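File shown: coords34.cif (mmCIF, C-alpha atoms).
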data_structure
#
loop_
_atom_site.group_PDB
_atom_site.id
_atom_site.type_symbol
_atom_site.label_atom_id
_atom_site.label_comp_id
_atom_site.auth_asym_id
_atom_site.auth_seq_id
_atom_site.Cartn_x
_atom_site.Cartn_y
_atom_site.Cartn_z
ATOM 1 C CA MET P 1361 0.000 0.000 0.000
ATOM 2 C CA LYS P 1362 1.397 3.384 -0.962
ATOM 3 C CA ARG P 1363 1.925 6.031 1.699
ATOM 4 C CA PHE P 1364 -0.864 8.562 2.226
ATOM 5 C CA GLU P 1365 -1.801 11.443 4.478
ATOM 6 C CA TYR P 1366 -4.524 10.691 7.033
ATOM 7 C CA VAL P 1367 -7.002 13.335 8.217
ATOM 8 C CA ARG P 1368 -9.826 12.754 10.697
ATOM 9 C CA ALA P 1369 -12.704 15.166 10.141
ATOM 10 C CA ASN P 1370 -15.053 16.286 12.924
ATOM 11 C CA GLU P 1371 -17.248 18.615 10.892
ATOM 12 C CA LEU P 1372 -18.901 18.255 7.507
ATOM 13 C CA LYS P 1373 -17.616 21.283 5.594
ATOM 14 C CA PRO P 1374 -13.953 20.866 6.662
ATOM 15 C CA ALA P 1375 -14.197 17.231 5.600
ATOM 16 C CA CYS P 1376 -15.290 18.270 2.115
ATOM 17 C CA VAL P 1377 -12.574 20.922 1.936
ATOM 18 C CA ALA P 1378 -9.924 18.387 2.958
ATOM 19 C CA ALA P 1379 -11.104 15.976 0.258
ATOM 20 C CA SER P 1380 -11.409 18.599 -2.470
ATOM 21 C CA SER P 1381 -7.770 18.387 -3.518
ATOM 22 C CA GLU P 1382 -6.833 16.041 -6.341
ATOM 23 C CA GLY P 1383 -5.944 12.555 -5.135
ATOM 24 C CA ALA P 1384 -7.926 12.773 -1.887
ATOM 25 C CA SER P 1385 -10.637 10.295 -0.893
ATOM 26 C CA PHE P 1386 -13.214 9.980 1.849
ATOM 27 C CA ILE P 1387 -13.133 6.827 3.950
ATOM 28 C CA GLY P 1388 -16.018 5.463 6.007
ATOM 29 C CA GLY P 1389 -16.278 1.710 6.385
ATOM 30 C CA GLY P 1390 -13.492 1.173 3.836
ATOM 31 C CA THR P 1391 -14.753 -2.273 2.797
ATOM 32 C CA ASN P 1392 -14.024 -1.630 -0.879
ATOM 33 C CA LEU P 1393 -11.456 1.166 -0.776
ATOM 34 C CA ILE P 1394 -8.982 -0.592 1.540
ATOM 35 C CA ASP P 1395 -8.917 -3.671 -0.691
ATOM 36 C CA LEU P 1396 -8.244 -1.524 -3.731
ATOM 37 C CA MET P 1397 -5.474 0.336 -1.926
ATOM 38 C CA LYS P 1398 -3.779 -2.943 -0.971
ATOM 39 C CA PHE P 1399 -3.665 -3.908 -4.654
ATOM 40 C CA GLU P 1400 -2.540 -0.337 -5.508
ATOM 41 C CA ILE P 1401 -5.522 -0.017 -7.811
ATOM 42 C CA GLU P 1402 -6.659 2.998 -5.812
ATOM 43 C CA THR P 1403 -3.748 5.153 -4.656
ATOM 44 C CA PRO P 1404 -5.145 8.179 -2.796
ATOM 45 C CA ILE P 1405 -2.544 10.568 -1.460
ATOM 46 C CA LYS P 1406 -4.907 11.672 1.315
ATOM 47 C CA LEU P 1407 -7.623 9.810 3.223
ATOM 48 C CA VAL P 1408 -10.266 11.893 4.975
ATOM 49 C CA ASP P 1409 -11.846 9.828 7.745
ATOM 50 C CA ILE P 1410 -15.507 10.842 8.096
ATOM 51 C CA THR P 1411 -16.557 8.270 10.696
ATOM 52 C CA GLN P 1412 -16.838 10.905 13.450
ATOM 53 C CA LEU P 1413 -19.438 12.968 11.579
ATOM 54 C CA GLU P 1414 -23.063 13.063 12.762
ATOM 55 C CA LEU P 1415 -24.420 11.051 9.864
ATOM 56 C CA LYS P 1416 -25.591 7.884 11.612
ATOM 57 C CA GLN P 1417 -29.264 8.685 12.159
ATOM 58 C CA ILE P 1418 -32.385 7.267 10.493
ATOM 59 C CA GLU P 1419 -35.302 9.701 10.692
ATOM 60 C CA SER P 1420 -38.845 9.965 9.360
ATOM 61 C CA THR P 1421 -39.483 12.789 6.891
ATOM 62 C CA PRO P 1422 -42.504 15.117 7.006
ATOM 63 C CA GLU P 1423 -43.671 13.541 3.739
ATOM 64 C CA GLY P 1424 -43.832 10.099 5.328
ATOM 65 C CA GLY P 1425 -40.554 8.776 3.942
ATOM 66 C CA LEU P 1426 -37.185 8.071 5.529
ATOM 67 C CA ARG P 1427 -33.938 10.050 5.754
ATOM 68 C CA ILE P 1428 -30.880 7.861 6.214
ATOM 69 C CA GLY P 1429 -27.469 9.166 7.251
ATOM 70 C CA ALA P 1430 -24.615 8.188 4.964
ATOM 71 C CA LEU P 1431 -22.721 6.537 7.836
ATOM 72 C CA VAL P 1432 -25.545 4.209 8.862
ATOM 73 C CA THR P 1433 -24.109 0.719 8.482
ATOM 74 C CA ASN P 1434 -25.691 -1.795 6.157
ATOM 75 C CA SER P 1435 -26.494 -4.025 9.150
ATOM 76 C CA ASP P 1436 -28.230 -1.235 11.060
ATOM 77 C CA LEU P 1437 -30.199 -0.140 8.011
ATOM 78 C CA ALA P 1438 -31.402 -3.653 7.213
ATOM 79 C CA ALA P 1439 -32.458 -4.193 10.849
ATOM 80 C CA HIS P 1440 -34.223 -0.874 11.364
ATOM 81 C CA PRO P 1441 -37.926 -1.427 12.215
ATOM 82 C CA GLN P 1442 -39.158 1.189 9.734
ATOM 83 C CA VAL P 1443 -37.137 -0.383 6.938
ATOM 84 C CA ILE P 1444 -38.332 -3.885 7.768
ATOM 85 C CA ASN P 1445 -41.970 -2.797 8.003
ATOM 86 C CA ASN P 1446 -42.196 -0.191 5.246
ATOM 87 C CA TYR P 1447 -39.344 -1.000 2.834
ATOM 88 C CA PRO P 1448 -38.809 -4.765 3.171
ATOM 89 C CA VAL P 1449 -37.360 -4.990 -0.337
ATOM 90 C CA LEU P 1450 -34.467 -2.807 0.860
ATOM 91 C CA SER P 1451 -33.843 -4.885 3.972
ATOM 92 C CA ARG P 1452 -33.850 -8.094 1.930
ATOM 93 C CA ALA P 1453 -31.514 -6.674 -0.703
ATOM 94 C CA ILE P 1454 -28.979 -5.557 1.904
ATOM 95 C CA LEU P 1455 -29.052 -8.922 3.674
ATOM 96 C CA ALA P 1456 -28.412 -10.646 0.335
ATOM 97 C CA GLY P 1457 -25.146 -8.757 -0.068
ATOM 98 C CA ALA P 1458 -21.630 -9.434 1.201
ATOM 99 C CA SER P 1459 -21.194 -11.125 4.604
ATOM 100 C CA GLY P 1460 -22.368 -10.216 8.098
ATOM 101 C CA GLN P 1461 -18.915 -8.922 9.017
ATOM 102 C CA LEU P 1462 -18.776 -6.650 5.979
ATOM 103 C CA ARG P 1463 -22.331 -5.402 6.499
ATOM 104 C CA ASN P 1464 -21.332 -4.413 10.043
ATOM 105 C CA LYS P 1465 -18.664 -2.083 8.615
ATOM 106 C CA ALA P 1466 -20.025 -1.017 5.224
ATOM 107 C CA THR P 1467 -21.884 2.300 5.173
ATOM 108 C CA THR P 1468 -24.962 3.362 3.255
ATOM 109 C CA GLY P 1469 -23.129 6.135 1.417
ATOM 110 C CA GLY P 1470 -20.155 3.939 0.645
ATOM 111 C CA ASN P 1471 -22.338 1.187 -0.776
ATOM 112 C CA PHE P 1472 -23.413 3.502 -3.589
ATOM 113 C CA LEU P 1473 -19.752 4.157 -4.384
ATOM 114 C CA GLN P 1474 -18.497 0.609 -4.799
ATOM 115 C CA ARG P 1475 -16.375 0.461 -7.901
ATOM 116 C CA THR P 1476 -18.034 -1.244 -10.851
ATOM 117 C CA ARG P 1477 -15.433 -3.888 -11.475
ATOM 118 C CA CYS P 1478 -14.391 -7.208 -12.989
ATOM 119 C CA PHE P 1479 -11.567 -9.754 -12.833
ATOM 120 C CA TYR P 1480 -9.241 -7.629 -14.977
ATOM 121 C CA PHE P 1481 -9.830 -4.505 -12.901
ATOM 122 C CA TYR P 1482 -8.191 -6.325 -9.984
ATOM 123 C CA GLN P 1483 -5.148 -7.349 -12.039
ATOM 124 C CA PRO P 1484 -2.644 -4.454 -12.068
ATOM 125 C CA ASP P 1485 -0.618 -6.177 -14.796
ATOM 126 C CA SER P 1486 -3.672 -6.322 -17.077
ATOM 127 C CA ALA P 1487 -5.107 -3.635 -19.296
ATOM 128 C CA CYS P 1488 -8.291 -2.019 -17.961
ATOM 129 C CA ASN P 1489 -9.956 1.173 -19.128
ATOM 130 C CA LYS P 1490 -11.197 1.826 -15.599
ATOM 131 C CA ARG P 1491 -7.672 1.839 -14.182
ATOM 132 C CA GLU P 1492 -5.870 3.213 -17.215
ATOM 133 C CA PRO P 1493 -8.194 4.957 -19.671
ATOM 134 C CA GLY P 1494 -7.413 3.953 -23.228
ATOM 135 C CA SER P 1495 -5.571 0.749 -22.325
ATOM 136 C CA GLY P 1496 -8.372 -1.568 -23.476
ATOM 137 C CA CYS P 1497 -10.978 -3.963 -22.093
ATOM 138 C CA PRO P 1498 -9.685 -7.555 -22.093
ATOM 139 C CA ALA P 1499 -13.020 -8.752 -20.649
ATOM 140 C CA ILE P 1500 -14.449 -8.351 -24.139
ATOM 141 C CA GLY P 1501 -13.462 -11.666 -25.636
ATOM 142 C CA GLY P 1502 -11.962 -12.788 -22.319
ATOM 143 C CA GLU P 1503 -13.294 -13.885 -18.933
ATOM 144 C CA ASN P 1504 -16.729 -12.290 -18.807
ATOM 145 C CA ARG P 1505 -19.155 -14.837 -17.354
ATOM 146 C CA GLY P 1506 -20.415 -12.563 -14.578
ATOM 147 C CA LEU P 1507 -20.354 -9.286 -16.470
ATOM 148 C CA ALA P 1508 -23.031 -6.934 -17.744
ATOM 149 C CA ILE P 1509 -25.311 -7.355 -20.744
ATOM 150 C CA LEU P 1510 -27.005 -3.931 -20.543
ATOM 151 C CA GLY P 1511 -25.527 -0.437 -20.480
ATOM 152 C CA THR P 1512 -22.103 -1.586 -21.670
ATOM 153 C CA SER P 1513 -19.797 -0.087 -24.270
ATOM 154 C CA GLU P 1514 -16.818 -1.128 -26.345
ATOM 155 C CA HIS P 1515 -14.672 0.267 -23.535
ATOM 156 C CA CYS P 1516 -16.143 -1.590 -20.535
ATOM 157 C CA ILE P 1517 -18.598 -4.401 -19.769
ATOM 158 C CA ALA P 1518 -18.216 -4.552 -15.965
ATOM 159 C CA GLN P 1519 -21.383 -5.077 -13.925
ATOM 160 C CA HIS P 1520 -22.457 -2.962 -10.967
ATOM 161 C CA PRO P 1521 -21.935 -5.039 -7.790
ATOM 162 C CA SER P 1522 -24.350 -3.527 -5.260
ATOM 163 C CA ASP P 1523 -27.529 -5.196 -4.007
ATOM 164 C CA MET P 1524 -28.603 -2.256 -1.864
ATOM 165 C CA ALA P 1525 -28.426 0.172 -4.780
ATOM 166 C CA VAL P 1526 -30.778 -2.023 -6.835
ATOM 167 C CA ALA P 1527 -33.468 -1.684 -4.169
ATOM 168 C CA MET P 1528 -32.728 2.033 -3.807
ATOM 169 C CA ARG P 1529 -33.209 2.457 -7.561
ATOM 170 C CA LEU P 1530 -36.546 0.675 -7.296
ATOM 171 C CA LEU P 1531 -37.615 2.948 -4.433
ATOM 172 C CA ASP P 1532 -36.632 6.179 -6.238
ATOM 173 C CA ALA P 1533 -34.133 7.204 -3.573
ATOM 174 C CA THR P 1534 -32.610 10.678 -3.614
ATOM 175 C CA LEU P 1535 -29.004 11.274 -2.559
ATOM 176 C CA GLN P 1536 -28.235 14.477 -0.697
ATOM 177 C CA THR P 1537 -24.684 15.795 -0.975
ATOM 178 C CA GLN P 1538 -22.489 18.634 0.202
ATOM 179 C CA LYS P 1539 -19.554 20.266 -1.560
ATOM 180 C CA ALA P 1540 -16.452 22.003 -0.221
ATOM 181 C CA ASP P 1541 -17.983 25.471 -0.729
ATOM 182 C CA GLY P 1542 -20.868 24.511 1.553
ATOM 183 C CA SER P 1543 -23.423 24.182 -1.234
ATOM 184 C CA THR P 1544 -25.695 21.166 -1.328
ATOM 185 C CA ARG P 1545 -27.670 19.320 -3.946
ATOM 186 C CA SER P 1546 -30.171 16.481 -4.217
ATOM 187 C CA ILE P 1547 -29.501 13.860 -6.885
ATOM 188 C CA GLU P 1548 -32.154 11.365 -7.907
ATOM 189 C CA ILE P 1549 -30.612 7.916 -8.041
ATOM 190 C CA LYS P 1550 -31.631 7.539 -11.689
ATOM 191 C CA ASP P 1551 -29.265 10.435 -12.446
ATOM 192 C CA PHE P 1552 -26.460 9.435 -10.067
ATOM 193 C CA TYR P 1553 -24.625 6.765 -12.075
ATOM 194 C CA GLN P 1554 -23.012 7.261 -15.468
ATOM 195 C CA LEU P 1555 -22.913 4.701 -18.264
ATOM 196 C CA PRO P 1556 -19.359 3.682 -19.199
ATOM 197 C CA GLY P 1557 -19.407 5.086 -22.742
ATOM 198 C CA ASP P 1558 -15.841 6.073 -23.585
ATOM 199 C CA THR P 1559 -15.087 7.169 -19.975
ATOM 200 C CA PRO P 1560 -15.679 4.049 -17.861
ATOM 201 C CA HIS P 1561 -13.385 5.376 -15.122
ATOM 202 C CA ILE P 1562 -16.053 8.013 -14.335
ATOM 203 C CA GLU P 1563 -18.868 6.132 -12.604
ATOM 204 C CA THR P 1564 -20.967 8.804 -10.844
ATOM 205 C CA VAL P 1565 -21.798 12.494 -11.148
ATOM 206 C CA LEU P 1566 -20.059 13.374 -7.871
ATOM 207 C CA GLU P 1567 -17.428 16.097 -7.985
ATOM 208 C CA GLN P 1568 -14.092 15.980 -6.185
ATOM 209 C CA GLY P 1569 -14.727 16.642 -2.503
ATOM 210 C CA GLU P 1570 -18.491 16.198 -2.794
ATOM 211 C CA MET P 1571 -19.848 13.921 -0.075
ATOM 212 C CA ILE P 1572 -23.054 11.930 0.143
ATOM 213 C CA THR P 1573 -24.572 13.006 3.459
ATOM 214 C CA HIS P 1574 -28.034 11.411 3.409
ATOM 215 C CA VAL P 1575 -30.290 9.174 1.383
ATOM 216 C CA VAL P 1576 -33.977 10.072 1.295
ATOM 217 C CA LEU P 1577 -36.695 7.544 0.536
ATOM 218 C CA PRO P 1578 -40.188 8.632 -0.529
ATOM 219 C CA PRO P 1579 -43.244 7.244 1.292
ATOM 220 C CA PRO P 1580 -43.611 3.441 1.226
ATOM 221 C CA ILE P 1581 -44.972 1.698 -1.862
ATOM 222 C CA LYS P 1582 -47.969 -0.592 -1.629
ATOM 223 C CA GLY P 1583 -47.541 -4.143 -2.863
ATOM 224 C CA MET P 1584 -45.579 -7.356 -2.392
ATOM 225 C CA HIS P 1585 -41.890 -6.586 -1.770
ATOM 226 C CA THR P 1586 -39.379 -9.198 -2.948
ATOM 227 C CA TYR P 1587 -35.688 -9.459 -3.693
ATOM 228 C CA ASP P 1588 -34.384 -12.418 -5.684
ATOM 229 C CA LYS P 1589 -30.680 -13.040 -6.157
ATOM 230 C CA ILE P 1590 -29.286 -15.780 -8.363
ATOM 231 C CA ARG P 1591 -25.606 -16.447 -7.700
ATOM 232 C CA ASP P 1592 -23.014 -19.186 -7.825
ATOM 233 C CA ARG P 1593 -23.081 -19.840 -4.075
ATOM 234 C CA ALA P 1594 -25.544 -19.218 -1.280
ATOM 235 C CA SER P 1595 -23.777 -16.209 0.243
ATOM 236 C CA TYR P 1596 -20.937 -13.728 -0.206
ATOM 237 C CA ALA P 1597 -21.164 -13.669 -3.996
ATOM 238 C CA PHE P 1598 -22.123 -11.078 -6.582
ATOM 239 C CA ALA P 1599 -25.398 -11.612 -8.396
ATOM 240 C CA LEU P 1600 -25.476 -13.287 -11.766
ATOM 241 C CA VAL P 1601 -28.960 -11.800 -11.996
ATOM 242 C CA SER P 1602 -30.952 -10.178 -9.202
ATOM 243 C CA ALA P 1603 -34.265 -8.354 -9.090
ATOM 244 C CA ALA P 1604 -35.978 -6.060 -6.628
ATOM 245 C CA ALA P 1605 -39.734 -5.939 -7.100
ATOM 246 C CA VAL P 1606 -42.789 -4.283 -5.600
ATOM 247 C CA ILE P 1607 -45.965 -5.561 -7.258
ATOM 248 C CA ASP P 1608 -49.560 -4.870 -6.314
ATOM 249 C CA VAL P 1609 -52.393 -7.019 -7.645
ATOM 250 C CA ASP P 1610 -56.014 -5.855 -7.392
ATOM 251 C CA ASP P 1611 -59.043 -7.914 -6.448
ATOM 252 C CA GLU P 1612 -59.599 -8.927 -10.069
ATOM 253 C CA GLY P 1613 -56.093 -10.359 -10.454
ATOM 254 C CA THR P 1614 -54.795 -7.444 -12.494
ATOM 255 C CA LEU P 1615 -51.302 -6.054 -11.959
ATOM 256 C CA SER P 1616 -52.259 -2.585 -10.755
ATOM 257 C CA SER P 1617 -48.729 -1.447 -9.918
ATOM 258 C CA VAL P 1618 -45.369 -2.894 -10.951
ATOM 259 C CA ARG P 1619 -41.849 -1.770 -10.063
ATOM 260 C CA LEU P 1620 -38.794 -3.758 -11.091
ATOM 261 C CA ALA P 1621 -35.064 -3.112 -10.805
ATOM 262 C CA PHE P 1622 -32.310 -5.531 -11.747
ATOM 263 C CA GLY P 1623 -28.764 -6.214 -10.615
ATOM 264 C CA GLY P 1624 -25.990 -8.280 -12.136
ATOM 265 C CA ILE P 1625 -27.031 -7.501 -15.701
ATOM 266 C CA GLY P 1626 -26.239 -3.792 -15.949
ATOM 267 C CA SER P 1627 -23.323 -1.425 -15.670
ATOM 268 C CA GLN P 1628 -25.478 0.300 -13.057
ATOM 269 C CA PRO P 1629 -28.609 -0.717 -11.117
ATOM 270 C CA TRP P 1630 -30.988 -1.311 -13.992
ATOM 271 C CA ARG P 1631 -34.589 -0.130 -14.198
ATOM 272 C CA ASN P 1632 -36.767 0.339 -17.260
ATOM 273 C CA GLU P 1633 -40.095 2.034 -16.569
ATOM 274 C CA VAL P 1634 -41.390 1.033 -20.007
ATOM 275 C CA VAL P 1635 -41.197 -2.600 -18.869
ATOM 276 C CA GLU P 1636 -43.261 -1.752 -15.798
ATOM 277 C CA ALA P 1637 -45.855 0.140 -17.843
ATOM 278 C CA SER P 1638 -46.213 -2.822 -20.211
ATOM 279 C CA LEU P 1639 -47.158 -5.071 -17.283
ATOM 280 C CA GLU P 1640 -49.445 -2.707 -15.405
ATOM 281 C CA GLY P 1641 -53.091 -3.381 -16.225
ATOM 282 C CA SER P 1642 -52.324 -6.894 -17.463
ATOM 283 C CA LYS P 1643 -53.086 -10.272 -15.902
ATOM 284 C CA GLY P 1644 -49.418 -11.269 -15.913
ATOM 285 C CA SER P 1645 -49.986 -13.978 -18.509
ATOM 286 C CA VAL P 1646 -47.125 -15.635 -20.347
ATOM 287 C CA PRO P 1647 -47.576 -13.364 -23.428
ATOM 288 C CA ASP P 1648 -47.539 -10.323 -21.098
ATOM 289 C CA ILE P 1649 -44.300 -11.501 -19.485
ATOM 290 C CA VAL P 1650 -42.673 -12.305 -22.828
ATOM 291 C CA LYS P 1651 -43.541 -8.816 -24.089
ATOM 292 C CA ALA P 1652 -42.049 -7.214 -20.969
ATOM 293 C CA ALA P 1653 -38.893 -9.341 -21.192
ATOM 294 C CA ASN P 1654 -38.465 -8.398 -24.854
ATOM 295 C CA ILE P 1655 -38.588 -4.715 -23.912
ATOM 296 C CA LEU P 1656 -36.172 -5.176 -21.016
ATOM 297 C CA LEU P 1657 -33.633 -7.119 -23.061
ATOM 298 C CA ALA P 1658 -34.015 -5.398 -26.424
ATOM 299 C CA ASP P 1659 -30.504 -3.927 -26.185
ATOM 300 C CA ALA P 1660 -28.907 -6.784 -24.255
ATOM 301 C CA GLN P 1661 -25.551 -7.885 -25.619
ATOM 302 C CA GLY P 1662 -23.759 -10.966 -24.385
ATOM 303 C CA GLN P 1663 -20.031 -11.461 -24.785
ATOM 304 C CA GLY P 1664 -19.942 -15.237 -25.061
ATOM 305 C CA GLN P 1665 -19.569 -16.576 -21.530
ATOM 306 C CA ASN P 1666 -22.321 -14.316 -20.172
ATOM 307 C CA ASP P 1667 -24.880 -14.987 -22.924
ATOM 308 C CA PHE P 1668 -26.814 -17.178 -20.486
ATOM 309 C CA LYS P 1669 -27.805 -14.085 -18.499
ATOM 310 C CA ILE P 1670 -30.314 -13.129 -21.177
ATOM 311 C CA ALA P 1671 -32.309 -16.350 -20.782
ATOM 312 C CA LEU P 1672 -31.809 -16.335 -17.022
ATOM 313 C CA THR P 1673 -33.255 -12.828 -16.742
ATOM 314 C CA ARG P 1674 -36.310 -13.910 -18.713
ATOM 315 C CA ARG P 1675 -36.902 -16.823 -16.364
ATOM 316 C CA LEU P 1676 -36.447 -14.684 -13.262
ATOM 317 C CA LEU P 1677 -38.920 -12.090 -14.544
ATOM 318 C CA LYS P 1678 -41.446 -14.852 -15.215
ATOM 319 C CA GLN P 1679 -40.967 -16.250 -11.716
ATOM 320 C CA ILE P 1680 -41.477 -12.851 -10.083
ATOM 321 C CA ILE P 1681 -44.664 -11.992 -11.973
ATOM 322 C CA GLU P 1682 -46.226 -15.425 -11.585
ATOM 323 C CA ARG P 1683 -45.434 -15.463 -7.873
ATOM 324 C CA ALA P 1684 -47.190 -12.128 -7.375
ATOM 325 C CA VAL P 1685 -50.272 -13.266 -9.321
ATOM 326 C CA ASN P 1686 -50.434 -16.634 -7.584
ATOM 327 C CA ALA P 1687 -49.994 -15.055 -4.156
ATOM 328 C CA GLU P 1688 -53.047 -12.920 -4.808
ATOM 329 C CA ASP P 1689 -55.033 -15.975 -5.914
ATOM 330 C CA ALA P 1690 -54.064 -17.778 -2.724
#

How would this structure read if it were set down as structure tokens?
Amino acid sequence: MKRFEYVRANELKPACVAASSEGASFIGGGTNLIDLMKFEIETPIKLVDITQLELKQIESTPEGGLRIGALVTNSDLAAHPQVINNYPVLSRAILAGASGQLRNKATTGGNFLQRTRCFYFYQPDSACNKREPGSGCPAIGGENRGLAILGTSEHCIAQHPSDMAVAMRLLDATLQTQKADGSTRSIEIKDFYQLPGDTPHIETVLEQGEMITHVVLPPPIKGMHTYDKIRDRASYAFALVSAAAVIDVDDEGTLSSVRLAFGGIGSQPWRNEVVEASLEGSKGSVPDIVKAANILLADAQGQGQNDFKIALTRRLLKQIIERAVNAEDA
């Protein structure tokens, strides 16, 4: 690990100022950053420790939603009574990710900032456009079984690793941030991540020194909340395909409200509202599901080893819709 300056911040604005210089990084739980520093993939010259800031509260909003401090751990968020009762899809998504030990350290804000990565990203002796822009993407035509099929480019096909962020995308979370000059902004999660395009090393819209301070959830959504994660082993593994869903079925067996967000298949948490609209008002029949899957996967592009994700996503979508319809019948 390369040498770095360490600064412990006790107030929000000074923390942002300290991290505003080039080469500086915030550190909270450090569950991703420390690993990357050990491999010298991330080499910050300054670490700004924000763990002493007052950002560990979970509070109700006047609108009936939830305001979550960026330093709330994944374990505490998943176990919070209001999350379990009102946003169970979020609790289930968090518990499907990483291990208990990592969830005890990982923070809510940091979870959004996990690097979108693949096998080659972790190999310093390999080309990787995320580490060295313009060096190439050996995953294209190489080892790509777990990588993305949506939102990719000729420069990067890495998949977004977070489970929590998939549920947050489903719930229309808003990220509140502060900059070094004291100004703040609210960023809807749908606008937070950037597609790789020809700059895959730029993953979010955050500026240098800009810190996520809170995550705000709107009021709870009516319907059956589920999170499905298909992976190679039962725990501590990235999703091959995952899906967060909130589906409401009326008394006549019609899908009155459908929300779907997917992980494992996209370069960012993947949601397509056109898919949801195609299912709403339907009975969730096989033709309805096939139509929705065709919309979802219209631009999907496999790279050989990960071609199976296209069929697997279709089957998972079918399972989710049929489960919601059958649960209403029961």

Please evaluate the PyMOL selection byres ((chain P and resi 1652) around 12) against the structure above and give the resulting residues as a PyMOL selection string. chain P and resi 1618+1620+1632-1640+1642+1644-1651+1653-1658+1673-1675+1677-1678+1681

I'd like the residues picked by the PyMOL selection byres ((chain P and resi 1404) around 12) written out as an MDAnalysis selection string, using the chain letters and numbers from the file. chainID P and resid 1361:1366 1379 1381:1387 1393:1394 1396:1398 1400:1403 1405:1408

Env of Arg1368 in chain P: 9 Å cut, atoms = all atoms listed in the file, seq-sep filter 6 positions within chain, self excluded. Answer as a PyMOL selection string. chain P and resi 1375+1407-1412

Excluding range 1543-1553 of chain P and its own-chain neighbours fewer than 5 positions away, which residues fall within 6 Å of it when counting all atoms listed in the file? Please give them as a ChimeraX atom specification. /P:1533-1538,1563-1565

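A straight line drawn from CA of Ser1486 in chain P to CA of Ile1562 in chain P is 19.1 Å long.
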
If you apply the PyMOL selection byres ((chain P and resi 1373) around 10) to this file, what residues do you get, as a ChimeraX atom specification? /P:1369-1372,1374-1379,1538-1543,1569-1571

Just-selected residues, C-alpha atoms written as a PDB file, in the coordinates of the input:
ATOM      1  CA  ALA P1369     -12.704  15.166  10.141  1.00  0.00           C
ATOM      2  CA  ASN P1370     -15.053  16.286  12.924  1.00  0.00           C
ATOM      3  CA  GLU P1371     -17.248  18.615  10.892  1.00  0.00           C
ATOM      4  CA  LEU P1372     -18.901  18.255   7.507  1.00  0.00           C
ATOM      5  CA  PRO P1374     -13.953  20.866   6.662  1.00  0.00           C
ATOM      6  CA  ALA P1375     -14.197  17.231   5.600  1.00  0.00           C
ATOM      7  CA  CYS P1376     -15.290  18.270   2.115  1.00  0.00           C
ATOM      8  CA  VAL P1377     -12.574  20.922   1.936  1.00  0.00           C
ATOM      9  CA  ALA P1378      -9.924  18.387   2.958  1.00  0.00           C
ATOM     10  CA  ALA P1379     -11.104  15.976   0.258  1.00  0.00           C
ATOM     11  CA  GLN P1538     -22.489  18.634   0.202  1.00  0.00           C
ATOM     12  CA  LYS P1539     -19.554  20.266  -1.560  1.00  0.00           C
ATOM     13  CA  ALA P1540     -16.452  22.003  -0.221  1.00  0.00           C
ATOM     14  CA  ASP P1541     -17.983  25.471  -0.729  1.00  0.00           C
ATOM     15  CA  GLY P1542     -20.868  24.511   1.553  1.00  0.00           C
ATOM     16  CA  SER P1543     -23.423  24.182  -1.234  1.00  0.00           C
ATOM     17  CA  GLY P1569     -14.727  16.642  -2.503  1.00  0.00           C
ATOM     18  CA  GLU P1570     -18.491  16.198  -2.794  1.00  0.00           C
ATOM     19  CA  MET P1571     -19.848  13.921  -0.075  1.00  0.00           C
TER      20      MET P1571
END
